[in-house]
$ cat upload.cif   # mmCIF, C-alpha atoms
data_coords
loop_
_atom_site.label_atom_id
_atom_site.label_comp_id
_atom_site.auth_asym_id
_atom_site.auth_seq_id
_atom_site.Cartn_x
_atom_site.Cartn_y
_atom_site.Cartn_z
CA MET J 1 20.09 -16.14 -7.85
CA PRO J 2 18.24 -16.74 -4.62
CA MET J 3 17.19 -13.55 -2.94
CA SER J 4 18.94 -14.20 0.32
CA SER J 5 21.73 -12.11 1.79
CA PRO J 6 22.43 -9.25 1.74
CA LEU J 7 19.11 -8.13 0.35
CA VAL J 8 16.88 -9.60 3.02
CA PRO J 9 18.70 -8.45 6.17
CA ASP J 10 18.69 -4.99 4.60
CA PHE J 11 15.00 -5.18 4.05
CA GLN J 12 14.36 -6.44 7.57
CA GLU J 13 16.29 -3.51 8.92
CA LEU J 14 14.44 -1.04 6.73
CA ALA J 15 11.10 -2.50 7.79
CA ALA J 16 12.06 -2.38 11.47
CA THR J 17 13.36 1.18 11.24
CA HIS J 18 10.20 2.56 9.70
CA LEU J 19 7.64 0.36 11.36
CA GLU J 20 6.51 3.11 13.73
CA SER J 21 5.85 5.55 10.92
CA ALA J 22 4.16 2.86 8.88
CA TYR J 23 1.90 1.81 11.71
CA ASN J 24 1.04 5.36 12.67
CA LEU J 25 0.02 6.26 9.13
CA ALA J 26 -1.96 3.05 8.68
CA ARG J 27 -3.73 3.62 11.97
CA TRP J 28 -4.68 7.17 11.10
CA LEU J 29 -5.89 6.14 7.67
CA VAL J 30 -8.01 3.12 8.54
CA ARG J 31 -8.83 4.10 12.15
CA ASP J 32 -9.07 0.50 13.30
CA PRO J 33 -6.32 -1.30 15.22
CA ALA J 34 -6.85 -4.77 13.75
CA LEU J 35 -7.15 -3.47 10.21
CA ALA J 36 -4.07 -1.29 10.70
CA ASP J 37 -2.08 -4.36 11.80
CA ASP J 38 -3.14 -6.16 8.72
CA VAL J 39 -2.47 -3.23 6.42
CA VAL J 40 1.07 -2.83 7.75
CA GLN J 41 1.86 -6.51 7.47
CA ASP J 42 0.49 -6.65 3.95
CA ALA J 43 2.37 -3.49 3.00
CA MET J 44 5.65 -4.89 4.30
CA LEU J 45 5.30 -8.05 2.25
CA ARG J 46 4.45 -5.99 -0.77
CA ALA J 47 7.46 -3.76 -0.14
CA LEU J 48 9.62 -6.87 0.00
CA ARG J 49 8.41 -7.83 -3.44
CA TYR J 50 9.20 -4.38 -4.79
CA TYR J 51 12.45 -4.13 -2.89
CA HIS J 52 14.65 -4.99 -5.87
CA GLY J 53 13.30 -1.90 -7.64
CA PHE J 54 13.97 0.33 -4.65
CA ARG J 55 16.95 2.53 -5.43
CA GLY J 56 17.91 3.23 -1.86
CA GLU J 57 16.63 6.79 -1.77
CA ASN J 58 14.26 7.84 1.01
CA ALA J 59 13.13 4.51 2.34
CA ARG J 60 10.53 5.97 4.65
CA ALA J 61 8.63 7.81 1.90
CA TRP J 62 8.86 4.76 -0.32
CA LEU J 63 7.45 2.51 2.39
CA LEU J 64 4.73 4.95 3.45
CA GLN J 65 3.60 5.20 -0.13
CA ILE J 66 3.00 1.46 -0.15
CA VAL J 67 1.30 1.56 3.24
CA ARG J 68 -1.05 4.26 2.02
CA ASN J 69 -1.94 2.36 -1.13
CA VAL J 70 -2.71 -0.81 0.79
CA ALA J 71 -4.72 1.14 3.37
CA LEU J 72 -6.83 2.94 0.80
CA THR J 73 -7.48 -0.27 -1.10
CA ARG J 74 -8.65 -1.91 2.11
CA LEU J 75 -10.86 1.02 2.99
CA LYS J 76 -12.45 0.90 -0.41
CA ARG J 77 -13.09 -2.80 -0.07
CA THR J 78 -14.48 -2.75 3.43
CA GLY J 79 -16.38 0.46 2.89
CA ALA J 80 -15.21 1.38 6.38
CA GLU J 81 -14.77 4.95 5.32
CA ALA J 82 -16.73 6.82 2.70
CA PRO J 83 -14.57 7.78 -0.27
CA ALA J 84 -12.72 10.98 0.42
CA SER J 85 -14.87 13.95 -0.39
CA GLU J 86 -14.26 17.62 -0.04
CA ALA J 87 -17.91 18.16 0.77
CA ASP J 88 -17.64 16.91 4.31
CA ALA J 89 -14.58 19.03 4.98
CA GLU J 90 -16.59 21.35 7.15
CA SER J 91 -17.92 18.48 9.20
CA ALA J 92 -14.87 18.45 11.44
CA SER J 93 -15.77 21.72 13.10
CA GLN J 94 -19.44 20.82 13.13
CA ALA J 95 -18.68 17.49 14.73
CA ALA J 96 -16.87 19.32 17.46
CA GLU J 97 -19.84 21.59 18.09
CA GLY J 98 -22.56 18.97 17.83
CA GLY J 99 -22.11 15.30 18.43
CA HIS J 100 -23.55 13.10 21.09
CA ASP J 101 -21.70 14.65 23.96
CA GLY J 102 -21.79 18.40 23.73
CA PRO J 103 -18.81 20.71 23.91
CA GLU J 104 -19.33 21.42 27.60
CA THR J 105 -19.09 17.76 28.46
CA ALA J 106 -16.20 17.48 26.07
CA LEU J 107 -14.30 20.22 27.83
CA MET J 108 -15.24 18.92 31.21
CA ARG J 109 -13.66 15.64 30.32
CA GLN J 110 -10.38 17.54 30.34
CA ASP J 111 -9.31 15.05 27.78
CA ASP J 112 -7.72 17.30 25.21
CA GLN J 113 -5.76 14.48 23.70
CA ARG J 114 -8.79 12.43 22.96
CA LEU J 115 -10.70 15.42 21.69
CA LEU J 116 -7.91 16.29 19.34
CA HIS J 117 -7.85 12.75 18.07
CA GLU J 118 -11.53 13.04 17.33
CA LEU J 119 -11.09 16.33 15.52
CA LEU J 120 -8.28 14.97 13.46
CA ALA J 121 -10.03 11.70 12.77
CA GLY J 122 -13.06 13.67 11.65
CA LEU J 123 -11.16 15.41 8.88
CA PRO J 124 -11.52 14.06 5.35
CA VAL J 125 -8.88 11.44 4.79
CA GLU J 126 -6.99 13.44 2.15
CA LEU J 127 -6.55 16.36 4.55
CA ARG J 128 -5.85 14.11 7.52
CA GLU J 129 -3.07 12.19 5.83
CA CYS J 130 -1.26 15.39 4.84
CA LEU J 131 -1.44 16.69 8.41
CA ILE J 132 -0.20 13.40 9.86
CA LEU J 133 2.68 13.21 7.43
CA ARG J 134 3.67 16.82 7.99
CA GLU J 135 3.12 17.31 11.71
CA ILE J 136 3.68 13.89 13.19
CA GLU J 137 6.07 12.34 10.70
CA GLU J 138 7.65 15.73 9.89
CA LEU J 139 8.07 14.97 6.21
CA SER J 140 8.79 17.56 3.54
CA TYR J 141 6.25 18.70 0.96
CA LYS J 142 8.10 16.75 -1.67
CA GLU J 143 7.96 13.54 0.34
CA ILE J 144 4.30 14.02 1.14
CA ALA J 145 3.51 14.68 -2.52
CA ARG J 146 5.16 11.43 -3.42
CA ILE J 147 3.34 9.45 -0.76
CA VAL J 148 -0.12 10.79 -1.51
CA ASP J 149 0.55 10.83 -5.25
CA ALA J 150 -0.44 14.47 -5.73
CA PRO J 151 1.33 17.63 -6.92
CA ILE J 152 3.09 19.69 -4.26
CA GLY J 153 0.61 22.53 -4.80
CA THR J 154 -2.23 20.19 -3.91
CA VAL J 155 -0.40 19.05 -0.80
CA MET J 156 0.06 22.67 0.24
CA SER J 157 -3.58 23.56 -0.15
CA ARG J 158 -4.72 20.38 1.61
CA LEU J 159 -2.40 21.12 4.50
CA TRP J 160 -3.75 24.60 4.81
CA ARG J 161 -7.36 23.49 4.68
CA GLY J 162 -6.70 20.78 7.24
CA ARG J 163 -4.95 23.14 9.60
CA LYS J 164 -7.62 25.77 9.26
CA LEU J 165 -10.41 23.29 9.97
CA LEU J 166 -8.57 22.02 12.99
CA VAL J 167 -8.07 25.50 14.40
CA GLN J 168 -11.69 26.42 13.69
CA ALA J 169 -12.90 23.33 15.46
CA ALA J 170 -10.72 24.03 18.46
CA ARG J 171 -11.94 27.64 18.58
CA ALA J 172 -15.53 26.52 18.35
CA LEU J 173 -14.98 24.38 21.42
CA GLU J 174 -13.33 27.15 23.37
CA ALA J 175 -16.00 29.68 22.46
CA VAL J 176 -18.60 27.78 24.46
CA MET Q 1 -15.07 31.48 3.16
CA SER Q 2 -12.62 30.87 0.37
CA ASP Q 3 -9.62 28.68 1.04
CA ILE Q 4 -6.99 31.07 -0.13
CA GLU Q 5 -7.74 34.55 1.10
CA CYS Q 6 -4.44 36.17 0.26
CA ALA Q 7 -2.32 35.02 -2.63
CA GLN Q 8 0.57 34.70 -0.21
CA THR Q 9 -1.21 32.34 2.18
CA LEU Q 10 0.41 29.17 0.94
CA LEU Q 11 3.78 30.88 0.86
CA VAL Q 12 3.38 31.88 4.47
CA GLN Q 13 2.62 28.28 5.22
CA ALA Q 14 5.60 27.09 3.17
CA ASP Q 15 7.82 29.41 5.20
CA PHE Q 16 6.30 28.10 8.40
CA ASP Q 17 7.09 24.57 7.24
CA GLY Q 18 10.67 25.49 6.43
CA GLU Q 19 10.19 25.02 2.71
CA LEU Q 20 11.32 28.48 1.56
CA ASP Q 21 14.86 29.56 0.82
CA ALA Q 22 16.25 32.46 2.83
CA GLY Q 23 15.65 35.07 0.12
CA ARG Q 24 12.00 34.32 -0.32
CA ALA Q 25 11.51 33.96 3.40
CA ALA Q 26 12.95 37.43 3.97
CA ALA Q 27 10.67 38.95 1.34
CA LEU Q 28 7.74 37.29 2.99
CA VAL Q 29 8.55 38.78 6.38
CA GLU Q 30 8.02 42.22 4.83
CA HIS Q 31 4.75 41.14 3.32
CA ILE Q 32 3.46 39.71 6.57
CA ALA Q 33 4.26 42.94 8.37
CA GLN Q 34 1.84 44.75 6.03
CA CYS Q 35 -0.83 42.12 5.53
CA PRO Q 36 -3.24 41.53 8.42
CA HIS Q 37 -4.58 38.46 6.70
CA CYS Q 38 -1.18 36.82 6.56
CA ARG Q 39 -0.56 37.67 10.21
CA ASP Q 40 -3.74 35.79 10.99
CA VAL Q 41 -2.52 32.92 8.83
CA SER Q 42 0.71 32.81 10.82
CA GLU Q 43 -1.26 32.66 14.04
CA GLN Q 44 -3.45 29.87 12.76
CA LEU Q 45 -0.41 27.91 11.63
CA ALA Q 46 1.22 28.23 15.01
CA ARG Q 47 -2.03 27.30 16.71
CA SER Q 48 -2.51 24.19 14.58
CA ARG Q 49 1.01 23.06 15.29
CA ALA Q 50 0.55 23.60 19.00
CA LEU Q 51 -2.59 21.48 18.84
CA LEU Q 52 -0.94 18.70 16.90
CA ARG Q 53 2.13 18.65 19.07
CA GLY Q 54 0.00 16.86 21.60
CA VAL Q 55 -0.72 14.01 19.22
CA PRO Q 56 1.75 11.18 19.66
CA ARG Q 57 2.33 8.41 17.17
CA TYR Q 58 0.19 5.38 17.75
CA PRO Q 59 2.46 2.86 19.45
CA VAL Q 60 3.19 -0.27 17.45
CA PRO Q 61 1.29 -3.14 19.07
CA LYS Q 62 3.28 -5.84 20.77
CA GLY Q 63 3.79 -8.75 18.48
CA LEU Q 64 3.38 -6.87 15.19
CA ARG Q 65 7.11 -6.35 14.86
CA ASP Q 66 7.83 -10.04 15.36
CA SER Q 67 5.01 -11.17 13.18
CA ILE Q 68 6.21 -8.98 10.31
CA GLU Q 69 9.75 -10.20 10.68
CA LYS Q 70 8.54 -13.77 10.57
CA ALA Q 71 6.25 -13.16 7.61
CA VAL Q 72 9.09 -11.54 5.66
CA ARG Q 73 11.40 -14.41 6.45
CA ALA Q 74 8.73 -16.93 5.51
CA GLN Q 75 8.02 -15.19 2.23
CA VAL Q 76 11.68 -15.11 1.31
CA ARG Q 77 12.10 -18.76 2.19
CA GLY Q 78 8.99 -19.69 0.29
CA GLU Q 79 10.27 -17.97 -2.78
CA THR Q 80 13.74 -19.37 -2.75
CA GLN Q 81 12.61 -22.88 -2.14
CA SER Q 82 9.06 -23.87 -2.80
CA LYS Q 83 9.33 -26.91 -0.56
CA GLU Q 84 9.64 -24.61 2.38
CA LEU Q 85 6.43 -22.95 1.42
CA ALA Q 86 4.84 -25.81 3.28
CA THR Q 87 5.98 -24.24 6.53
CA TYR Q 88 4.61 -20.83 5.59
CA THR Q 89 1.79 -19.94 7.89
CA PRO Q 90 0.34 -16.51 7.42
CA THR Q 91 -0.98 -16.54 10.95
CA ARG Q 92 -2.87 -13.32 11.01
CA ARG Q 93 -4.34 -14.10 7.65
CA LEU Q 94 -5.52 -17.54 8.60
CA ALA Q 95 -7.51 -16.05 11.40
CA TRP Q 96 -9.32 -14.00 8.82
CA MET Q 97 -9.92 -16.66 6.28
CA GLY Q 98 -12.47 -18.56 8.29
CA TRP Q 99 -11.83 -22.08 9.36
CA VAL Q 100 -13.21 -23.73 6.23
CA THR Q 101 -10.78 -21.94 3.98
CA ALA Q 102 -8.04 -22.43 6.52
CA LEU Q 103 -8.74 -26.10 6.64
CA ALA Q 104 -8.73 -26.36 2.86
CA ALA Q 105 -5.47 -24.45 2.71
CA SER Q 106 -3.89 -26.63 5.35
CA VAL Q 107 -4.87 -29.72 3.36
CA VAL Q 108 -3.11 -28.27 0.33
CA LEU Q 109 -0.08 -27.43 2.45
CA ALA Q 110 -0.14 -30.84 4.13
CA VAL Q 111 -0.14 -32.54 0.75
CA MET Q 112 2.86 -30.45 -0.18
CA VAL Q 113 4.65 -31.37 3.03
CA VAL Q 114 4.31 -35.09 2.57
CA THR Q 115 5.16 -35.03 -1.13
CA PRO Q 116 8.92 -35.05 -1.38
CA ARG Q 117 9.94 -32.98 -4.35
CA SER Q 118 12.88 -30.95 -5.40
CA PRO Q 119 11.93 -27.30 -5.81
CA ASP Q 120 11.80 -27.41 -9.58
CA LEU Q 121 10.43 -24.53 -11.56
CA GLY Q 122 6.95 -26.01 -11.99
CA SER Q 123 6.59 -26.41 -8.23
CA GLN Q 124 7.88 -22.93 -7.60
CA LEU Q 125 5.37 -21.47 -10.01
CA VAL Q 126 2.52 -23.41 -8.49
CA ALA Q 127 3.65 -22.48 -4.98
CA SER Q 128 3.67 -18.84 -5.97
CA HIS Q 129 0.26 -19.17 -7.60
CA VAL Q 130 -1.26 -20.94 -4.59
CA ARG Q 131 0.11 -18.32 -2.27
CA SER Q 132 -1.32 -15.54 -4.39
CA LEU Q 133 -4.74 -17.19 -4.26
CA GLN Q 134 -4.55 -17.56 -0.49
CA LEU Q 135 -3.67 -13.96 0.10
CA GLU Q 136 -6.44 -12.25 -1.75
CA SER Q 137 -4.70 -8.93 -1.85
CA HIS Q 138 -1.62 -10.60 -3.29
CA LEU Q 139 -3.30 -11.82 -6.45
CA ILE Q 140 -3.45 -8.51 -8.28
CA ASP Q 141 -1.58 -5.27 -7.69
CA VAL Q 142 -2.96 -3.42 -10.68
CA PRO Q 143 -6.59 -4.35 -11.26
CA SER Q 144 -7.44 -3.53 -14.85
CA SER Q 145 -8.81 -5.23 -17.94
CA ASP Q 146 -7.06 -2.69 -20.15
CA HIS Q 147 -3.60 -3.57 -21.40
CA HIS Q 148 -2.92 0.14 -21.82
CA THR Q 149 -3.14 0.42 -18.05
CA VAL Q 150 -1.46 -2.83 -17.10
CA ARG Q 151 1.54 -2.66 -19.41
CA PRO Q 152 2.88 0.74 -18.31
CA TRP Q 153 2.25 -0.21 -14.68
CA PHE Q 154 5.08 -2.74 -14.94
CA SER Q 155 7.66 -0.22 -16.08
CA GLY Q 156 10.06 0.53 -13.28
CA LYS Q 157 8.88 -2.55 -11.39
CA VAL Q 158 10.44 -5.13 -13.67
CA ASP Q 159 13.46 -4.65 -15.89
CA PHE Q 160 11.79 -5.96 -19.03
CA ALA Q 161 8.61 -5.23 -20.98
CA PRO Q 162 6.10 -8.00 -20.32
CA LEU Q 163 3.60 -9.11 -22.94
CA VAL Q 164 0.13 -7.95 -21.98
CA LYS Q 165 -2.70 -9.35 -24.07
CA GLU Q 166 -6.44 -8.92 -23.91
CA LEU Q 167 -8.17 -12.22 -24.52
CA GLY Q 168 -11.72 -11.24 -23.62
CA SER Q 169 -13.12 -12.41 -26.96
CA ASP Q 170 -11.58 -15.84 -26.29
CA GLY Q 171 -13.34 -16.10 -22.95
CA TYR Q 172 -10.35 -15.10 -20.80
CA GLU Q 173 -10.90 -11.83 -19.06
CA LEU Q 174 -7.80 -9.89 -18.05
CA LYS Q 175 -8.16 -9.05 -14.36
CA GLY Q 176 -4.86 -7.31 -13.80
CA GLY Q 177 -1.22 -7.87 -13.02
CA ARG Q 178 1.27 -8.03 -10.21
CA VAL Q 179 4.97 -8.37 -9.57
CA ASP Q 180 6.14 -11.49 -7.82
CA ILE Q 181 9.34 -13.34 -7.03
CA VAL Q 182 9.95 -16.85 -8.29
CA GLY Q 183 13.20 -18.63 -7.65
CA GLY Q 184 14.75 -15.38 -6.51
CA ARG Q 185 13.97 -13.54 -9.71
CA THR Q 186 11.42 -10.82 -10.20
CA VAL Q 187 8.68 -11.79 -12.56
CA ALA Q 188 5.66 -10.12 -14.12
CA VAL Q 189 2.36 -11.90 -13.58
CA LEU Q 190 -0.90 -11.39 -15.44
CA VAL Q 191 -4.12 -12.76 -14.04
CA TYR Q 192 -7.01 -13.90 -16.21
CA GLN Q 193 -10.42 -15.15 -15.26
CA ALA Q 194 -11.77 -18.12 -17.21
CA GLY Q 195 -15.24 -18.81 -15.90
CA ARG Q 196 -14.66 -19.82 -12.29
CA HIS Q 197 -11.01 -20.52 -12.88
CA VAL Q 198 -8.01 -18.27 -12.57
CA VAL Q 199 -5.16 -18.43 -15.07
CA ALA Q 200 -1.90 -16.78 -14.08
CA VAL Q 201 0.71 -15.99 -16.72
CA TYR Q 202 4.26 -15.60 -15.39
CA MET Q 203 6.94 -13.91 -17.49
CA TRP Q 204 10.62 -13.13 -17.20
CA PRO Q 205 13.46 -12.60 -19.67
CA GLU Q 206 14.44 -15.78 -21.43
CA ARG Q 207 17.66 -17.36 -20.32
CA THR Q 208 19.24 -20.38 -21.90
CA GLY Q 209 19.39 -23.45 -19.78
CA ALA Q 210 16.68 -22.15 -17.54
CA GLY Q 211 14.87 -25.49 -17.52
CA GLU Q 212 12.82 -27.52 -19.88
CA ILE Q 213 9.26 -28.05 -18.74
CA ARG Q 214 6.78 -27.82 -21.53
CA SER Q 215 3.73 -28.94 -19.64
CA GLN Q 216 3.49 -30.33 -16.18
CA GLN Q 217 1.02 -31.07 -13.46
CA VAL Q 218 1.78 -30.10 -9.89
CA ASP Q 219 -0.60 -30.55 -6.98
CA GLY Q 220 -3.58 -30.52 -9.28
CA PHE Q 221 -2.49 -27.41 -11.11
CA ASN Q 222 -1.47 -27.48 -14.73
CA VAL Q 223 1.58 -25.58 -15.88
CA ARG Q 224 2.53 -24.83 -19.47
CA ARG Q 225 5.67 -23.05 -20.48
CA TRP Q 226 7.10 -21.64 -23.69
CA THR Q 227 9.34 -18.87 -24.96
CA GLU Q 228 8.00 -15.93 -26.86
CA SER Q 229 9.47 -12.57 -27.91
CA GLY Q 230 12.54 -13.16 -25.80
CA LEU Q 231 10.49 -13.95 -22.73
CA ASP Q 232 10.10 -17.13 -20.77
CA VAL Q 233 6.32 -17.47 -20.39
CA SER Q 234 4.46 -19.88 -18.14
CA CYS Q 235 0.78 -20.21 -17.45
CA ILE Q 236 -0.60 -21.88 -14.33
CA SER Q 237 -4.19 -22.77 -13.64
CA ASP Q 238 -6.56 -25.27 -12.14
CA LEU Q 239 -8.09 -25.54 -15.61
CA ALA Q 240 -7.92 -29.04 -17.14
CA ALA Q 241 -4.79 -29.75 -19.15
CA ASP Q 242 -6.49 -29.49 -22.55
CA GLU Q 243 -8.26 -26.29 -21.56
CA LEU Q 244 -5.00 -24.74 -20.49
CA GLN Q 245 -3.49 -25.83 -23.78
CA ARG Q 246 -6.31 -23.94 -25.50
CA PHE Q 247 -5.44 -20.90 -23.42
CA GLU Q 248 -1.83 -21.11 -24.56
CA GLN Q 249 -2.90 -21.39 -28.19
CA ARG Q 250 -5.19 -18.36 -27.93
CA TRP Q 251 -2.55 -16.38 -26.11
CA ARG Q 252 0.14 -17.14 -28.64
CA ALA Q 253 -2.19 -16.41 -31.54
CA ARG Q 254 -2.41 -12.81 -30.38
#
$ encode --input "upload.cif" --output "structure tokens"
Amino acid sequence: MPMSSPLVPDFQELAATHLESAYNLARWLVRDPALADDVVQDAMLRALRYYHGFRGENARAWLLQIVRNVALTRLKRTGAEAPASEADAESASQAAEGGHDGPETALMRQDDQRLLHELLAGLPVELRECLILREIEELSYKEIARIVDAPIGTVMSRLWRGRKLLVQAARALEAV
Amino acid sequence: MSDIECAQTLLVQADFDGELDAGRAAALVEHIAQCPHCRDVSEQLARSRALLRGVPRYPVPKGLRDSIEKAVRAQVRGETQSKELATYTPTRRLAWMGWVTALAASVVLAVMVVTPRSPDLGSQLVASHVRSLQLESHLIDVPSSDHHTVRPWFSGKVDFAPLVKELGSDGYELKGGRVDIVGGRTVAVLVYQAGRHVVAVYMWPERTGAGEIRSQQVDGFNVRRWTESGLDVSCISDLAADELQRFEQRWRAR
């Protein structure tokens, strides 16, 4: 039983459909374009291997779960990002206040987009991923819980903490 | 500042995210009207969404789409017919591997190209094993030396219960397991470390007439195959033939 048609065209279509979500998540997790490329490619090949066990429900969540696992494994291996810790949760707002170019310069750059990226990127990875999945990918709590392998209650509190930190950081910038 | 200031905070958020049914949402509206804290929460939620609305998805780089499509096609081809593995070039990966490794890999592949061979089971297994060694992250999906971790990991990923044995006292350290595809069928793979050598054990449900290799040598790798507990079991390694035979004996003695 060679795994040719119709399995493979289906998989190709699934991969193509959700590539944007997959890449976006990978990019936000590893914060490096080359590594994100590699993570997505690796994740897709892995997904292909698991595809027989995929029951056809919610392909995007299923795929993003794999992307996240591959990304976190890579991060652990490269040490590119310190293991997620709650302790540096406050650092997002602090980073916005301090940092090498001060808030005045930051505001003068009129580059809100970039600033926001920095704020978001500065959040601990476990808060960041929930925000990305909710606000950019517009996934439900249930889908997010599945992807990040945590109870829904945990997802809810991470979302709230992430949002609050983001708003605080933005306010800190404006207050100057 | 505590994370949850009012017990209703997360409910307010759930409503904001459209996760509440109409009844609970209505009850919450009343609460928010009376609770200054929750009004503040609502404002913060709206503010955070307004901020994030400006964040677009990262655009997929040119070329990634094609390269994934090709890699998927190559993997499928490689698994249906090991001969075609010779044409499999994990381009992005090769760039990573450094030219020495790349060169070594290309020699292996070149040897496989010029050796005409029907894609028999032994070759397919070796092709799968070689590929797993080339793609480091492909070797093991569940890294663990504990069969209590590895065995349950397979459930839901393969439709049979693979044998998972710890052979540490025999000098074979269990490194973990993965799911792979050989000849179009999903198989469970265990990976052991024997000194500087890797031994991979492939398993799938036994089927009559599935082939007859007992021991075989392919491209410098030794393959041994037997049936056990209703499973078709094969081990593949660059260990010498007699050493791999010893592995089989120790495995089956467990």
$ interface_residues --input "upload.cif" --of "chain J" --to "chain Q" --cutoff "8 Å" --atoms "all atoms listed in the file" --output "PyMOL selection string"
chain J and resi 1-4+8+12+16+19-21+23-24+27+37-38+41+44-45+48-50+52-53+113+116-117+135-136+140-141+156-157+160-161+163-164+166-167
$ residues_around --input "upload.cif" --residues "segment 63-76 of chain J" --least-positions-apart "4" --cutoff "7 Å" --atoms "only C-alpha atoms" --output "VMD selection string"
chain J and resid 22 26 29 to 30 39 to 40 43 47 59 80 to 81 147 to 148
$ atom_distance --input "upload.cif" --atom1 "atom CA of Leu20 of chain Q" --atom2 "atom CA of Asn58 of chain J"
20.9 Å
$ atom_distance --input "upload.cif" --atom1 "atom CA of Lys165 of chain Q" --atom2 "atom CA of Asp42 of chain J"
28.3 Å
$ atom_distance --input "upload.cif" --atom1 "atom CA of Pro151 of chain J" --atom2 "atom CA of Leu25 of chain J"
19.7 Å
$ residues_around --input "upload.cif" --residues "segment 231-246 of chain Q" --least-positions-apart "5" --cutoff "9 Å" --atoms "all atoms listed in the file" --output "ChimeraX atom specification"
/Q:122,125-126,129,160,162-163,194,197-207,210,214-217,220-226,251
$ closest_residue --input "upload.cif" --among "Q:Gly171, Q:Gly23, Q:Pro152, Q:Gly177" --to "Ser132 of chain Q" --atoms "all atoms listed in the file"
Q:Gly177
$ resolve_selection --input "upload.cif" --expression "the PyMOL selection byres ((chain Q and resi 145) around 12)" --output "ChimeraX atom specification"
/Q:140,142-144,146-151,164-168,172-177,190-193
$ write_last_selection --input "upload.cif" --atoms "C-alpha atoms" --output "compact mmCIF listing (two decimals), in the coordinates of the input"
# COMPACT_ATOMS: atom_id res chain seq x y z
CA ILE Q 140 -3.45 -8.51 -8.28
CA VAL Q 142 -2.96 -3.42 -10.68
CA PRO Q 143 -6.59 -4.35 -11.26
CA SER Q 144 -7.44 -3.53 -14.85
CA ASP Q 146 -7.06 -2.69 -20.15
CA HIS Q 147 -3.60 -3.57 -21.40
CA HIS Q 148 -2.92 0.14 -21.82
CA THR Q 149 -3.14 0.42 -18.05
CA VAL Q 150 -1.46 -2.83 -17.10
CA ARG Q 151 1.54 -2.66 -19.41
CA VAL Q 164 0.13 -7.95 -21.98
CA LYS Q 165 -2.70 -9.35 -24.07
CA GLU Q 166 -6.44 -8.92 -23.91
CA LEU Q 167 -8.17 -12.22 -24.52
CA GLY Q 168 -11.72 -11.24 -23.62
CA TYR Q 172 -10.35 -15.10 -20.80
CA GLU Q 173 -10.90 -11.83 -19.06
CA LEU Q 174 -7.80 -9.89 -18.05
CA LYS Q 175 -8.16 -9.05 -14.36
CA GLY Q 176 -4.86 -7.31 -13.80
CA GLY Q 177 -1.22 -7.87 -13.02
CA LEU Q 190 -0.90 -11.39 -15.44
CA VAL Q 191 -4.12 -12.76 -14.04
CA TYR Q 192 -7.01 -13.90 -16.21
CA GLN Q 193 -10.42 -15.15 -15.26
$ decode --input "upload.cif" --residues "segment 8-39 of chain Q" --atoms "C-alpha atoms" --output "compact mmCIF listing (two decimals), in the first residue's frame"
# COMPACT_ATOMS: atom_id res chain seq x y z
CA GLN Q 8 -14.87 37.87 36.99
CA THR Q 9 -11.82 39.14 35.11
CA LEU Q 10 -11.28 36.04 33.03
CA LEU Q 11 -14.99 35.82 32.31
CA VAL Q 12 -14.96 39.37 31.04
CA GLN Q 13 -12.10 38.37 28.81
CA ALA Q 14 -13.91 35.21 27.68
CA ASP Q 15 -16.89 37.35 26.72
CA PHE Q 16 -14.62 39.74 24.87
CA ASP Q 17 -13.19 36.77 22.96
CA GLY Q 18 -16.66 35.50 22.09
CA GLU Q 19 -16.31 32.41 24.23
CA LEU Q 20 -19.41 32.89 26.40
CA ASP Q 21 -22.92 31.78 25.60
CA ALA Q 22 -25.60 34.45 25.45
CA GLY Q 23 -26.97 33.77 28.95
CA ARG Q 24 -23.66 34.14 30.71
CA ALA Q 25 -22.73 37.10 28.57
CA ALA Q 26 -25.93 38.89 29.58
CA ALA Q 27 -25.29 38.22 33.27
CA LEU Q 28 -21.82 39.60 32.86
CA VAL Q 29 -23.07 42.85 31.36
CA GLU Q 30 -24.88 43.50 34.64
CA HIS Q 31 -21.78 42.73 36.62
CA ILE Q 32 -19.61 45.01 34.54
CA ALA Q 33 -22.05 47.86 35.03
CA GLN Q 34 -21.45 47.62 38.80
CA CYS Q 35 -17.78 46.69 38.91
CA PRO Q 36 -15.26 49.45 38.16
CA HIS Q 37 -12.49 46.91 38.00
CA CYS Q 38 -14.19 44.94 35.26
CA ARG Q 39 -14.87 48.12 33.32
